[in-house]
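> If it helps, the file is called final35.cif and holds mmCIF, C-alpha atoms and all ligand atoms:
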data_final
#
loop_
_atom_site.label_atom_id
_atom_site.label_comp_id
_atom_site.auth_asym_id
_atom_site.auth_seq_id
_atom_site.Cartn_x
_atom_site.Cartn_y
_atom_site.Cartn_z
CA MET D 459 -0.36 21.34 15.93
CA SER D 460 0.63 17.74 15.40
CA PHE D 461 -1.94 15.00 14.77
CA THR D 462 -0.99 11.37 14.15
CA PRO D 463 -3.98 9.28 13.16
CA THR D 464 -3.94 5.56 13.78
CA SER D 465 -6.91 4.48 11.67
CA VAL D 466 -8.04 6.46 8.63
CA LEU D 467 -11.16 6.07 6.50
CA VAL D 468 -10.28 7.24 2.97
CA THR D 469 -13.33 7.66 0.72
CA GLY D 470 -12.99 7.58 -3.07
CA GLY D 471 -9.50 6.09 -2.85
CA ALA D 472 -9.87 4.29 -6.19
CA GLY D 473 -10.28 7.57 -8.08
CA PHE D 474 -7.59 9.80 -9.50
CA ILE D 475 -6.42 11.85 -6.50
CA GLY D 476 -7.49 9.29 -3.88
CA SER D 477 -5.38 6.53 -5.43
CA ASN D 478 -2.34 8.80 -5.77
CA TYR D 479 -2.86 9.75 -2.10
CA LEU D 480 -3.01 6.12 -0.95
CA LEU D 481 0.05 5.23 -3.05
CA HIS D 482 1.86 7.99 -1.14
CA VAL D 483 0.57 7.59 2.44
CA VAL D 484 0.28 3.80 2.83
CA PRO D 485 4.05 3.20 2.50
CA ALA D 486 4.90 6.54 4.16
CA HIS D 487 2.97 5.77 7.39
CA PRO D 488 3.29 2.02 8.08
CA ASP D 489 1.86 2.44 11.61
CA THR D 490 -1.38 3.96 10.35
CA GLN D 491 -4.21 1.75 9.03
CA TYR D 492 -6.00 2.96 5.89
CA VAL D 493 -9.44 1.69 4.85
CA ASN D 494 -10.42 2.72 1.33
CA LEU D 495 -14.20 2.92 0.84
CA ASP D 496 -15.12 3.34 -2.80
CA ALA D 497 -18.31 2.65 -4.77
CA LEU D 498 -16.24 2.00 -7.93
CA THR D 499 -18.27 4.24 -10.21
CA TYR D 500 -17.00 4.74 -13.76
CA ALA D 501 -14.21 6.89 -12.21
CA GLY D 502 -12.99 4.30 -9.67
CA ASN D 503 -10.35 1.79 -10.71
CA LEU D 504 -8.72 -0.68 -8.33
CA ALA D 505 -5.95 -1.28 -10.87
CA ASN D 506 -4.52 2.08 -9.73
CA LEU D 507 -3.77 0.55 -6.32
CA ARG D 508 -1.90 -2.64 -7.30
CA ALA D 509 1.32 -1.42 -5.68
CA ILE D 510 -0.29 -1.31 -2.21
CA GLU D 511 -3.16 -3.82 -2.35
CA GLU D 512 -1.19 -6.40 -0.32
CA ALA D 513 0.13 -3.90 2.25
CA ASP D 514 -0.59 -4.82 5.90
CA ASN D 515 -1.88 -1.33 6.67
CA TYR D 516 -4.33 -1.14 3.74
CA ALA D 517 -7.81 -2.59 3.15
CA PHE D 518 -10.45 -1.99 0.50
CA VAL D 519 -14.22 -1.91 1.12
CA HIS D 520 -16.59 -1.74 -1.83
CA GLY D 521 -19.47 0.54 -0.82
CA ASP D 522 -21.33 3.79 -1.15
CA ILE D 523 -20.84 6.75 1.20
CA ASN D 524 -24.62 7.22 1.18
CA GLU D 525 -25.13 3.94 3.07
CA GLY D 526 -25.31 5.13 6.68
CA ALA D 527 -25.50 1.65 8.22
CA LEU D 528 -22.35 0.55 6.38
CA ILE D 529 -20.45 3.67 7.45
CA ASP D 530 -21.53 3.21 11.11
CA ARG D 531 -20.39 -0.42 10.98
CA LEU D 532 -17.00 0.57 9.53
CA PHE D 533 -16.52 3.16 12.30
CA GLU D 534 -17.38 0.48 14.87
CA GLU D 535 -15.00 -2.09 13.37
CA HIS D 536 -12.04 0.16 12.61
CA GLN D 537 -12.31 2.88 15.29
CA PHE D 538 -11.33 5.57 12.77
CA ASP D 539 -9.77 8.70 14.22
CA ALA D 540 -9.58 10.39 10.81
CA VAL D 541 -11.62 10.56 7.62
CA VAL D 542 -10.05 11.83 4.41
CA HIS D 543 -13.00 12.40 2.13
CA PHE D 544 -12.28 12.36 -1.61
CA ALA D 545 -15.37 10.46 -2.86
CA ALA D 546 -17.35 12.66 -5.21
CA GLU D 547 -18.78 13.08 -8.62
CA SER D 548 -16.01 15.31 -9.92
CA HIS D 549 -16.55 16.33 -13.54
CA VAL D 550 -18.16 19.70 -14.36
CA ASP D 551 -19.34 18.59 -17.81
CA ARG D 552 -21.17 15.57 -16.38
CA SER D 553 -22.78 17.83 -13.76
CA ILE D 554 -24.13 19.98 -16.60
CA LEU D 555 -25.60 16.93 -18.37
CA ASP D 556 -27.24 15.72 -15.11
CA PRO D 557 -26.63 17.24 -11.65
CA THR D 558 -28.56 14.58 -9.69
CA ALA D 559 -25.69 12.27 -8.74
CA PHE D 560 -23.64 15.31 -7.72
CA VAL D 561 -26.12 16.28 -5.03
CA THR D 562 -26.59 12.66 -3.94
CA THR D 563 -22.90 11.88 -3.50
CA ASN D 564 -21.27 15.25 -2.87
CA VAL D 565 -23.92 16.71 -0.55
CA HIS D 566 -25.94 13.85 0.94
CA GLY D 567 -22.97 11.46 0.97
CA THR D 568 -20.86 14.03 2.82
CA LEU D 569 -23.66 14.53 5.35
CA VAL D 570 -23.86 10.76 5.98
CA LEU D 571 -20.10 10.66 6.67
CA LEU D 572 -20.27 13.71 8.93
CA GLN D 573 -23.13 12.20 10.94
CA ALA D 574 -21.30 8.89 11.37
CA ALA D 575 -18.09 10.65 12.43
CA ARG D 576 -19.92 12.96 14.84
CA LYS D 577 -21.64 10.01 16.50
CA ALA D 578 -18.44 7.98 16.73
CA TRP D 579 -16.30 10.84 18.00
CA GLU D 580 -18.73 12.34 20.54
CA GLY D 581 -16.92 12.59 23.87
CA ALA D 582 -13.74 11.05 22.41
CA LYS D 583 -10.73 11.42 24.69
CA HIS D 584 -8.29 11.44 21.77
CA ALA D 585 -7.87 13.78 18.79
CA CYS D 586 -9.95 13.09 15.66
CA ARG D 587 -10.13 14.83 12.30
CA PHE D 588 -12.42 15.00 9.25
CA HIS D 589 -10.58 16.21 6.15
CA HIS D 590 -12.81 17.38 3.30
CA VAL D 591 -10.98 17.49 -0.03
CA SER D 592 -12.58 20.31 -1.98
CA THR D 593 -12.06 22.53 -4.98
CA ASP D 594 -11.24 26.11 -5.94
CA GLU D 595 -14.43 26.08 -8.06
CA VAL D 596 -16.53 26.88 -4.94
CA PHE D 597 -15.28 30.48 -5.23
CA GLY D 598 -16.67 31.00 -8.73
CA THR D 599 -14.65 32.69 -11.44
CA LEU D 600 -11.95 35.36 -11.70
CA GLY D 601 -11.09 37.96 -14.35
CA MET D 602 -7.51 38.41 -15.58
CA GLU D 603 -6.29 39.61 -12.17
CA GLY D 604 -6.34 38.43 -8.57
CA HIS D 605 -6.37 35.23 -6.56
CA PHE D 606 -8.91 33.45 -4.37
CA THR D 607 -8.05 33.40 -0.66
CA ALA D 608 -9.62 31.43 2.18
CA ASP D 609 -11.78 34.53 2.88
CA THR D 610 -13.20 34.84 -0.64
CA PRO D 611 -17.01 34.49 -0.47
CA TYR D 612 -18.41 31.37 -2.10
CA ALA D 613 -20.00 31.90 -5.53
CA PRO D 614 -20.23 28.50 -7.27
CA ARG D 615 -21.49 28.59 -10.85
CA SER D 616 -21.74 24.95 -12.02
CA PRO D 617 -23.81 22.17 -10.43
CA TYR D 618 -20.53 20.44 -9.52
CA ALA D 619 -19.15 23.56 -7.82
CA ALA D 620 -22.47 24.17 -6.03
CA SER D 621 -22.48 20.62 -4.66
CA LYS D 622 -18.89 20.93 -3.38
CA ALA D 623 -19.70 24.35 -1.86
CA ALA D 624 -22.71 22.82 -0.08
CA ALA D 625 -20.47 20.07 1.29
CA ASP D 626 -17.90 22.63 2.52
CA HIS D 627 -20.71 24.58 4.22
CA LEU D 628 -21.97 21.42 5.94
CA VAL D 629 -18.48 20.59 7.22
CA ARG D 630 -18.03 24.10 8.64
CA ALA D 631 -21.56 24.09 10.08
CA PHE D 632 -20.73 20.85 11.92
CA GLY D 633 -17.60 22.58 13.23
CA THR D 634 -19.57 25.54 14.57
CA THR D 635 -22.63 23.66 15.81
CA TYR D 636 -21.12 20.47 17.22
CA ASP D 637 -17.52 21.55 17.86
CA PHE D 638 -16.64 19.01 15.20
CA PRO D 639 -12.93 18.62 14.28
CA TYR D 640 -12.33 19.30 10.60
CA VAL D 641 -9.91 20.65 8.03
CA ILE D 642 -10.83 21.68 4.48
CA THR D 643 -8.52 21.94 1.49
CA ASN D 644 -9.56 23.71 -1.72
CA THR D 645 -7.34 22.81 -4.63
CA SER D 646 -6.76 23.86 -8.21
CA ASN D 647 -6.86 21.55 -11.26
CA ASN D 648 -4.84 18.40 -10.65
CA TYR D 649 -3.13 16.34 -13.33
CA GLY D 650 -0.83 13.32 -13.49
CA PRO D 651 -1.00 9.51 -13.55
CA TYR D 652 -4.35 7.67 -13.20
CA GLN D 653 -6.62 10.57 -14.19
CA PHE D 654 -9.75 9.43 -16.01
CA PRO D 655 -9.53 10.52 -19.67
CA GLU D 656 -12.63 12.71 -19.67
CA LYS D 657 -10.68 15.54 -18.00
CA LEU D 658 -8.73 17.84 -20.28
CA ILE D 659 -5.13 16.64 -19.92
CA PRO D 660 -5.59 12.86 -20.24
CA LEU D 661 -8.26 13.40 -22.91
CA VAL D 662 -5.79 15.42 -25.00
CA ILE D 663 -3.03 12.83 -24.57
CA ARG D 664 -5.36 9.95 -25.44
CA ASN D 665 -6.77 11.67 -28.53
CA ALA D 666 -3.29 12.77 -29.62
CA VAL D 667 -2.02 9.20 -29.48
CA VAL D 668 -4.88 7.74 -31.53
CA GLY D 669 -5.20 10.76 -33.87
CA ASP D 670 -8.70 11.86 -32.80
CA PRO D 671 -9.76 15.54 -32.84
CA ILE D 672 -8.87 17.56 -29.71
CA PRO D 673 -11.97 19.48 -28.53
CA VAL D 674 -11.10 22.96 -27.22
CA TYR D 675 -14.07 24.80 -25.75
CA GLY D 676 -14.77 28.29 -27.10
CA LYS D 677 -11.53 29.99 -28.16
CA GLY D 678 -9.37 28.17 -25.61
CA GLU D 679 -8.81 31.42 -23.70
CA ASN D 680 -9.98 30.20 -20.27
CA VAL D 681 -7.23 29.98 -17.69
CA ARG D 682 -6.61 27.19 -15.21
CA ASP D 683 -3.89 26.76 -12.55
CA TRP D 684 -2.43 23.24 -12.72
CA LEU D 685 -1.05 21.23 -9.81
CA PHE D 686 0.77 17.92 -10.27
CA VAL D 687 -1.19 15.34 -8.29
CA GLU D 688 1.78 14.00 -6.27
CA ASP D 689 2.52 17.51 -5.03
CA HIS D 690 -1.13 17.85 -4.02
CA CYS D 691 -1.01 14.57 -2.10
CA GLU D 692 2.05 15.71 -0.16
CA ALA D 693 0.20 18.88 0.78
CA LEU D 694 -2.88 16.89 1.85
CA ASP D 695 -0.75 14.68 4.06
CA SER D 696 0.85 17.73 5.68
CA VAL D 697 -2.54 19.34 6.31
CA LEU D 698 -3.93 16.19 7.93
CA HIS D 699 -0.90 15.82 10.22
CA GLN D 700 0.05 19.42 10.95
CA ALA D 701 -2.77 21.90 10.37
CA GLY D 702 -4.68 23.50 13.22
CA ASP D 703 -8.23 22.38 13.94
CA GLN D 704 -11.11 23.93 11.93
CA THR D 705 -8.79 25.47 9.35
CA THR D 706 -9.03 25.86 5.57
CA TRP D 707 -6.11 25.66 3.16
CA LEU D 708 -5.89 26.68 -0.48
CA ILE D 709 -3.47 24.53 -2.45
CA GLY D 710 -2.49 25.69 -5.94
CA GLY D 711 0.36 25.01 -8.34
CA ASP D 712 1.04 28.64 -9.36
CA GLN D 713 1.11 27.36 -12.94
CA GLU D 714 -1.53 29.33 -14.81
CA ILE D 715 -2.01 28.82 -18.52
CA THR D 716 -4.77 29.22 -21.11
CA ASN D 717 -6.40 26.01 -22.29
CA LEU D 718 -5.16 26.52 -25.85
CA GLU D 719 -1.54 27.02 -24.78
CA LEU D 720 -1.76 23.99 -22.52
CA VAL D 721 -3.19 21.81 -25.30
CA GLU D 722 -0.43 22.94 -27.66
CA ARG D 723 2.26 22.12 -25.11
CA LEU D 724 0.74 18.69 -24.50
CA LEU D 725 0.54 17.93 -28.22
CA ASP D 726 4.14 19.04 -28.73
CA GLU D 727 5.25 16.82 -25.85
CA VAL D 728 3.44 13.82 -27.38
CA ASP D 729 5.16 14.59 -30.71
CA ARG D 730 8.53 14.78 -28.95
CA ALA D 731 7.97 11.58 -26.98
CA THR D 732 6.85 9.64 -30.07
CA GLY D 733 9.60 10.95 -32.36
CA LYS D 734 7.36 13.08 -34.61
CA PRO D 735 8.37 16.60 -35.70
CA VAL D 736 7.19 18.92 -32.92
CA GLY D 737 4.01 20.73 -34.00
CA THR D 738 2.65 17.90 -36.17
CA ARG D 739 -0.32 17.14 -33.91
CA ARG D 740 -1.48 20.74 -33.49
CA SER D 741 -3.64 20.20 -36.58
CA LEU D 742 -5.86 17.92 -34.44
CA ILE D 743 -7.16 20.92 -32.45
CA GLN D 744 -10.85 21.56 -33.07
CA PHE D 745 -12.63 24.52 -31.48
CA VAL D 746 -16.07 23.41 -30.26
CA THR D 747 -19.10 25.10 -28.66
CA ASP D 748 -18.17 26.55 -25.28
CA ARG D 749 -19.21 24.96 -21.98
CA PRO D 750 -22.35 26.69 -20.62
CA GLY D 751 -21.39 29.06 -17.78
CA HIS D 752 -17.69 28.31 -18.38
CA ASP D 753 -15.68 29.82 -15.51
CA PHE D 754 -13.02 32.07 -17.04
CA ARG D 755 -10.14 31.74 -14.61
CA TYR D 756 -9.19 30.13 -11.29
CA ALA D 757 -6.12 31.07 -9.25
CA LEU D 758 -5.34 30.45 -5.59
CA ASP D 759 -3.19 32.23 -3.07
CA SER D 760 -1.29 29.27 -1.62
CA SER D 761 1.15 31.34 0.43
CA PRO D 762 -0.38 30.28 3.81
CA VAL D 763 0.15 26.55 3.18
CA LYS D 764 3.66 27.23 1.90
CA GLU D 765 4.58 29.38 4.86
CA ALA D 766 2.83 27.56 7.71
CA LEU D 767 3.27 23.97 6.57
CA LYS D 768 6.53 24.42 4.60
CA TRP D 769 5.00 22.81 1.52
CA THR D 770 6.32 23.54 -1.97
CA PRO D 771 5.26 21.81 -5.17
CA LYS D 772 8.16 19.91 -6.75
CA HIS D 773 6.80 20.14 -10.29
CA ASP D 774 6.24 23.04 -12.64
CA LEU D 775 4.20 22.55 -15.80
CA SER D 776 7.23 21.51 -17.87
CA SER D 777 8.30 18.67 -15.62
CA GLY D 778 4.69 17.75 -14.79
CA ILE D 779 3.65 17.57 -18.45
CA ALA D 780 6.74 15.50 -19.35
CA ARG D 781 6.02 13.03 -16.54
CA THR D 782 2.31 12.84 -17.31
CA VAL D 783 2.74 12.26 -21.06
CA ALA D 784 5.44 9.64 -20.37
CA TRP D 785 3.13 7.89 -17.88
CA TYR D 786 0.18 7.70 -20.29
CA LEU D 787 2.35 6.56 -23.20
CA GLY D 788 3.79 3.84 -20.95
CA ASN D 789 0.37 2.79 -19.67
CA MET D 790 -1.78 2.51 -22.78
CA ASP D 791 -3.22 -0.74 -21.40
CA TRP D 792 -4.53 1.15 -18.35
CA LEU D 793 -5.99 3.80 -20.65
CA ASN D 794 -7.66 1.28 -22.97
CA ASP D 795 -9.09 -0.63 -19.98
CA VAL D 796 -10.85 2.44 -18.57
CA LEU D 797 -12.26 3.46 -21.96
CA ASP D 798 -15.18 1.08 -21.69
CA GLY D 799 -18.75 1.38 -22.98
CA GLY D 800 -19.86 3.80 -20.27
CA TYR D 801 -17.21 6.30 -21.22
CA ARG D 802 -18.01 6.07 -24.93
CA GLU D 803 -21.69 6.78 -24.17
CA TYR D 804 -20.67 9.86 -22.19
CA TYR D 805 -18.32 10.99 -24.97
CA ALA D 806 -21.13 10.78 -27.53
CA ALA D 807 -23.48 12.77 -25.26
CA GLN D 808 -20.83 15.38 -24.51
CA TYR D 809 -19.23 15.90 -27.90
CA GLY D 810 -21.86 14.54 -30.34
CA SER D 811 -23.57 17.91 -30.51
CA ARG D 812 -20.23 19.68 -30.87
CA GLY D 813 -19.28 18.15 -34.17
CA MET D 814 -17.03 15.47 -32.70
CA ASN D 815 -16.94 11.78 -33.62
P1 LIG W 901 -12.50 11.00 -9.41
O1 LIG W 901 -13.80 11.25 -10.11
O2 LIG W 901 -11.33 10.57 -10.20
O3 LIG W 901 -12.71 9.92 -8.26
C1 LIG W 901 -13.85 9.90 -7.44
C2 LIG W 901 -13.85 8.57 -6.70
O4 LIG W 901 -14.97 8.57 -5.82
C3 LIG W 901 -14.01 7.36 -7.61
O5 LIG W 901 -13.12 6.33 -7.23
C4 LIG W 901 -15.46 6.93 -7.40
O6 LIG W 901 -15.66 5.54 -7.60
C5 LIG W 901 -15.68 7.33 -5.96
N1 LIG W 901 -17.09 7.59 -5.65
C6 LIG W 901 -17.97 8.33 -6.36
N2 LIG W 901 -19.19 8.31 -5.78
C7 LIG W 901 -19.06 7.55 -4.66
C8 LIG W 901 -19.95 7.17 -3.62
N3 LIG W 901 -21.23 7.56 -3.63
N4 LIG W 901 -19.50 6.40 -2.62
C9 LIG W 901 -18.20 5.98 -2.60
N5 LIG W 901 -17.31 6.30 -3.57
C10 LIG W 901 -17.73 7.08 -4.58
O7 LIG W 901 -12.21 12.35 -8.62
P2 LIG W 901 -10.80 13.03 -8.29
O8 LIG W 901 -10.39 13.85 -9.44
O9 LIG W 901 -9.88 11.99 -7.74
O10 LIG W 901 -11.24 14.03 -7.13
C11 LIG W 901 -11.21 13.63 -5.76
C12 LIG W 901 -11.72 14.76 -4.90
O11 LIG W 901 -10.92 15.92 -5.11
C13 LIG W 901 -13.17 15.16 -5.22
O12 LIG W 901 -13.83 15.43 -4.02
C14 LIG W 901 -13.01 16.43 -6.05
O13 LIG W 901 -14.13 17.28 -5.86
C15 LIG W 901 -11.75 17.01 -5.45
N6 LIG W 901 -10.96 17.85 -6.37
C16 LIG W 901 -10.53 17.36 -7.58
C17 LIG W 901 -9.75 18.17 -8.41
C18 LIG W 901 -9.22 17.64 -9.72
O14 LIG W 901 -8.58 18.42 -10.47
N7 LIG W 901 -9.40 16.38 -10.06
C19 LIG W 901 -9.44 19.47 -8.02
C20 LIG W 901 -9.91 19.94 -6.80
C21 LIG W 901 -10.65 19.12 -5.97
P1 LIG W 902 -11.61 19.99 -16.91
O1 LIG W 902 -10.45 19.06 -17.03
O2 LIG W 902 -12.98 19.45 -17.20
O3 LIG W 902 -11.53 20.67 -15.48
P2 LIG W 902 -12.39 21.91 -14.85
O4 LIG W 902 -13.60 22.13 -15.64
O5 LIG W 902 -12.69 21.37 -13.48
O6 LIG W 902 -11.46 23.08 -14.84
O7 LIG W 902 -11.38 21.20 -17.91
C1 LIG W 902 -10.24 22.03 -17.81
C2 LIG W 902 -10.43 23.19 -18.78
O8 LIG W 902 -10.40 22.66 -20.12
C3 LIG W 902 -11.77 23.87 -18.64
O9 LIG W 902 -11.60 25.27 -18.86
C4 LIG W 902 -12.63 23.28 -19.74
C5 LIG W 902 -11.60 22.96 -20.82
N1 LIG W 902 -11.89 21.77 -21.66
C6 LIG W 902 -11.81 21.86 -23.06
O10 LIG W 902 -11.52 22.93 -23.63
N2 LIG W 902 -12.07 20.72 -23.78
C7 LIG W 902 -12.41 19.53 -23.20
O11 LIG W 902 -12.66 18.53 -23.91
C8 LIG W 902 -12.46 19.45 -21.76
C9 LIG W 902 -12.82 18.17 -21.08
C10 LIG W 902 -12.20 20.60 -21.04
#
What do you get writing this file as C-alpha cells?

Amino acid sequence: MSFTPTSVLVTGGAGFIGSNYLLHVVPAHPDTQYVNLDALTYAGNLANLRAIEEADNYAFVHGDINEGALIDRLFEEHQFDAVVHFAAESHVDRSILDPTAFVTTNVHGTLVLLQAARKAWEGAKHACRFHHVSTDEVFGTLGMEGHFTADTPYAPRSPYAASKAAADHLVRAFGTTYDFPYVITNTSNNYGPYQFPEKLIPLVIRNAVVGDPIPVYGKGENVRDWLFVEDHCEALDSVLHQAGDQTTWLIGGDQEITNLELVERLLDEVDRATGKPVGTRRSLIQFVTDRPGHDFRYALDSSPVKEALKWTPKHDLSSGIARTVAWYLGNMDWLNDVLDGGYREYYAAQYGSRGMN
C-alpha cells in the first residue's frame, strides 16, 4: 500500500525521537506540511529543531494533547490526513516515582487525539492514517532466550509500560469499533543525538565527561536492544508511507547488550575521544539499588519490517556509539542548557537514596 499524506500533525516533535523524525522528514518531503504540537515539558526542547524551524513546510504549536478544543481547531485549520503521535511521558524511572502524568498524557492524551481524528476523518473520501509510536515494553520482560513478535500478548510491568499498552489498546479498539485507520510501531531502546540525559546512554556520557559516578542498577546484567534513532526514524517514515492499514510493526536494532557491557563501551569511547588511556573512566561505575520490577530483557523480531518494507538499520552499536559520543562531546552547550533545575531535582529524587551525589 502507498499512502502520501499532505498535512501531518506530529505530537511531541520537540522530544528526542520526535525531533530526529522532523529533522528527517521535513526536508525529505517538501510537499507535505508538518505541524509539531508539543507541550514543551522538561523533555521538549525547541533548540533541537533549529535546522528546520524556518522551513516552509514546518510549523510549531505550543500546546497539550489533552486540550480537545485546541486539537479540534488544529484539525479544522490544517485538514490533517495523518497524525504521528510521539508525545508521551517516556521515562520508566519517573513513572515509578509518580505514574499520574503517564496516565494523563499517554492514555487520556491519546484518547483526545483519537477522538479528534475520528471526528475529522468520518466519511473522508481520501486516505487518512493515525500512527501511534509505541514501545517494546508493552510486552513485558523476556528471559535469556526468545523475541517478542506482533502476536506476543501484552504484559506491561511498569506504570510507563502499562500506560503505553493502554494507548495501543485504545488505538486498536478504535480500529475495530470505528473502522479507524491506524498503524502502530513498537520499538526497542533508541539512542543518539538530542536524547535527554536522564536515559542511560546520555546520562553515562554526561557523567563521564564531568567525572560524576555512573549509576548501574543492580549488577548491570539486564539486557536491552539498542536502535540508533536515525534508523528508527527511517523505519517510521516507511511505515507511515507504505504499511497496510491497521497493521503493527516491531522495530528493533538487533544489538543486544547487558547494561554493564554497554556502560563500559561508552566509557571507553569517551576515553578514546578525549585522548585518555582507554579504561580510565571505568572506575566511575557505581552499582546502585536495582529499579523496582526491573524488566530483565527486551528483544524484538524485526524480520517483518525488514522483509515487507525493505528497511535495514544503517548503524550497529559500534558506529552508533561513536556517533553518539561524538555528538554529545560536540554539543556540551546543548547538554548544559537542558540540565536545568527541574532535572537536578529529579536526579536528587532518583539517585539520592541510592548513594549518589
Ligand atoms: P521524550 O520524553 O524525549 O519526548 C516526549 C515529547 O513529548 C517532549 O517533547 C514533550 O514535551 C512532549 N509532551 C509530553 N507530554 C505532552 C503533552 N501532554 N502534550 C504535548 N506534548 C507533550 O520521548 P522520546 O524518547 O522522544 O519518545 C517518543 C515516543 O516514542 C514516546 O511515545 C515513547 O513512548 C516512544 N518510545 C521511545 C523509546 C525510546 O527509547 N526513547 C523507545 C520506544 C518507544
Ligand atoms: P533507560 O534508558 O531508562 O531505558 P528503559 O528503562 O526504557 O530500558 O534504561 C536502560 C537500562 O539501563 C535499563 O535496564 C535501566 C538501566 N539504567 C541503569 O542501570 N542506570 C541508570 O542510571 C539508568 C537511567 C538506567
> Would you please work out which residue, of D:Asn503, D:Ser477, D:Thr568, D:Thr599, is nearest to Ala619 of chain D when using all atoms listed in the file?
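Smallest separation from Ala619 of chain D among the options: D:Thr599.
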> For ligand LIG 902 (chain W), I'd like the enclosing box, axis-aligned and padded by 4 Å on every side, reported as JSON with centre and edge lengths in Å to one decimal.

{"center_x": -11.9, "center_y": 21.7, "center_z": -18.7, "size_x": 11.4, "size_y": 15.1, "size_z": 18.4}
> For Val667 of chain D, find every residue with an atom within 12 Å (counting all atoms listed in the file), except residues of its own chain fewer than 4 positions away, and show them as a list in words.
Pro660, Leu661, Val662, Ile663, Pro671, Ile672, Leu724, Leu725, Asp726, Glu727, Val728, Asp729, Arg730, Ala731, Thr732, Lys734, Thr738, Arg739, Leu742, Val783, Ala784, Tyr786, Leu787, Gly788, Asn789, Met790, Leu793 and Asn794 of chain D
> Could you tell me, counting only C-alpha atoms and all ligand atoms, which protein and nucleic acid residues lie no more than 8 Å from ligand LIG 902 (chain W), written as a list in words?
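Using only C-alpha atoms and all ligand atoms, I find these residues within 8 Å of ligand LIG 902 (chain W): Ser548, His549, Val550, Asp551, Glu595, Asn647, Glu656, Lys657, Leu658, Ile659, Leu661, Val662, Ile672, Pro673, Val674, Tyr675, Gly676, Gly678, Asn680, Val681, Arg682, Asn717, Leu718, Asp748, Arg749, His752, Asp753, Phe754 and Arg755 of chain D.
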> Keeping only C-alpha atoms, write the selected residues to a file as a JSON list (two decimals), keeping the file's coordinate frame.

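Final output, saved to out_7.json:
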[["chain", "number", "residue", "atom", "x", "y", "z"],
["D", 548, "SER", "CA", -16.01, 15.31, -9.92],
["D", 549, "HIS", "CA", -16.55, 16.33, -13.54],
["D", 550, "VAL", "CA", -18.16, 19.70, -14.36],
["D", 551, "ASP", "CA", -19.34, 18.59, -17.81],
["D", 595, "GLU", "CA", -14.43, 26.08, -8.06],
["D", 647, "ASN", "CA", -6.86, 21.55, -11.26],
["D", 656, "GLU", "CA", -12.63, 12.71, -19.67],
["D", 657, "LYS", "CA", -10.68, 15.54, -18.00],
["D", 658, "LEU", "CA", -8.73, 17.84, -20.28],
["D", 659, "ILE", "CA", -5.13, 16.64, -19.92],
["D", 661, "LEU", "CA", -8.26, 13.40, -22.91],
["D", 662, "VAL", "CA", -5.79, 15.42, -25.00],
["D", 672, "ILE", "CA", -8.87, 17.56, -29.71],
["D", 673, "PRO", "CA", -11.97, 19.48, -28.53],
["D", 674, "VAL", "CA", -11.10, 22.96, -27.22],
["D", 675, "TYR", "CA", -14.07, 24.80, -25.75],
["D", 676, "GLY", "CA", -14.77, 28.29, -27.10],
["D", 678, "GLY", "CA", -9.37, 28.17, -25.61],
["D", 680, "ASN", "CA", -9.98, 30.20, -20.27],
["D", 681, "VAL", "CA", -7.23, 29.98, -17.69],
["D", 682, "ARG", "CA", -6.61, 27.19, -15.21],
["D", 717, "ASN", "CA", -6.40, 26.01, -22.29],
["D", 718, "LEU", "CA", -5.16, 26.52, -25.85],
["D", 748, "ASP", "CA", -18.17, 26.55, -25.28],
["D", 749, "ARG", "CA", -19.21, 24.96, -21.98],
["D", 752, "HIS", "CA", -17.69, 28.31, -18.38],
["D", 753, "ASP", "CA", -15.68, 29.82, -15.51],
["D", 754, "PHE", "CA", -13.02, 32.07, -17.04],
["D", 755, "ARG", "CA", -10.14, 31.74, -14.61]]
> For atom CA of Phe638 of chain D and atom CA of Asp496 of chain D, determine how far apart the two atoms are, in Å to one decimal place.
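Atom CA of Asp496 of chain D lies 23.9 Å from atom CA of Phe638 of chain D.
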> Throw together the list of residues within 8 Å of ligand LIG 901 (chain W), counting all atoms listed in the file, and drop it here as a ChimeraX atom specification.
/D:469-477,495-503,520-524,543-549,562-564,567,590-595,622,644-649,653-654
> Check which residues of segment 611-714 of chain D sit at most 8 Å from segment 762-767 of chain D using all atoms listed in the file, and return one row each with the closest pair of atoms and their distance in Å to one decimal, ordered by chain and rising number, as JSON lines.

{"residue": "D:Ser696", "atom": "CA", "partner": "D:Leu767", "partner_atom": "CA", "distance": 6.8}
{"residue": "D:Val697", "atom": "CA", "partner": "D:Leu767", "partner_atom": "CA", "distance": 7.4}
{"residue": "D:Gln700", "atom": "CA", "partner": "D:Leu767", "partner_atom": "CA", "distance": 7.1}
{"residue": "D:Ala701", "atom": "CA", "partner": "D:Leu767", "partner_atom": "CA", "distance": 7.4}
{"residue": "D:Trp707", "atom": "CA", "partner": "D:Val763", "partner_atom": "CA", "distance": 6.3}
{"residue": "D:Leu708", "atom": "CA", "partner": "D:Val763", "partner_atom": "CA", "distance": 7.1}
{"residue": "D:Ile709", "atom": "CA", "partner": "D:Val763", "partner_atom": "CA", "distance": 7.0}
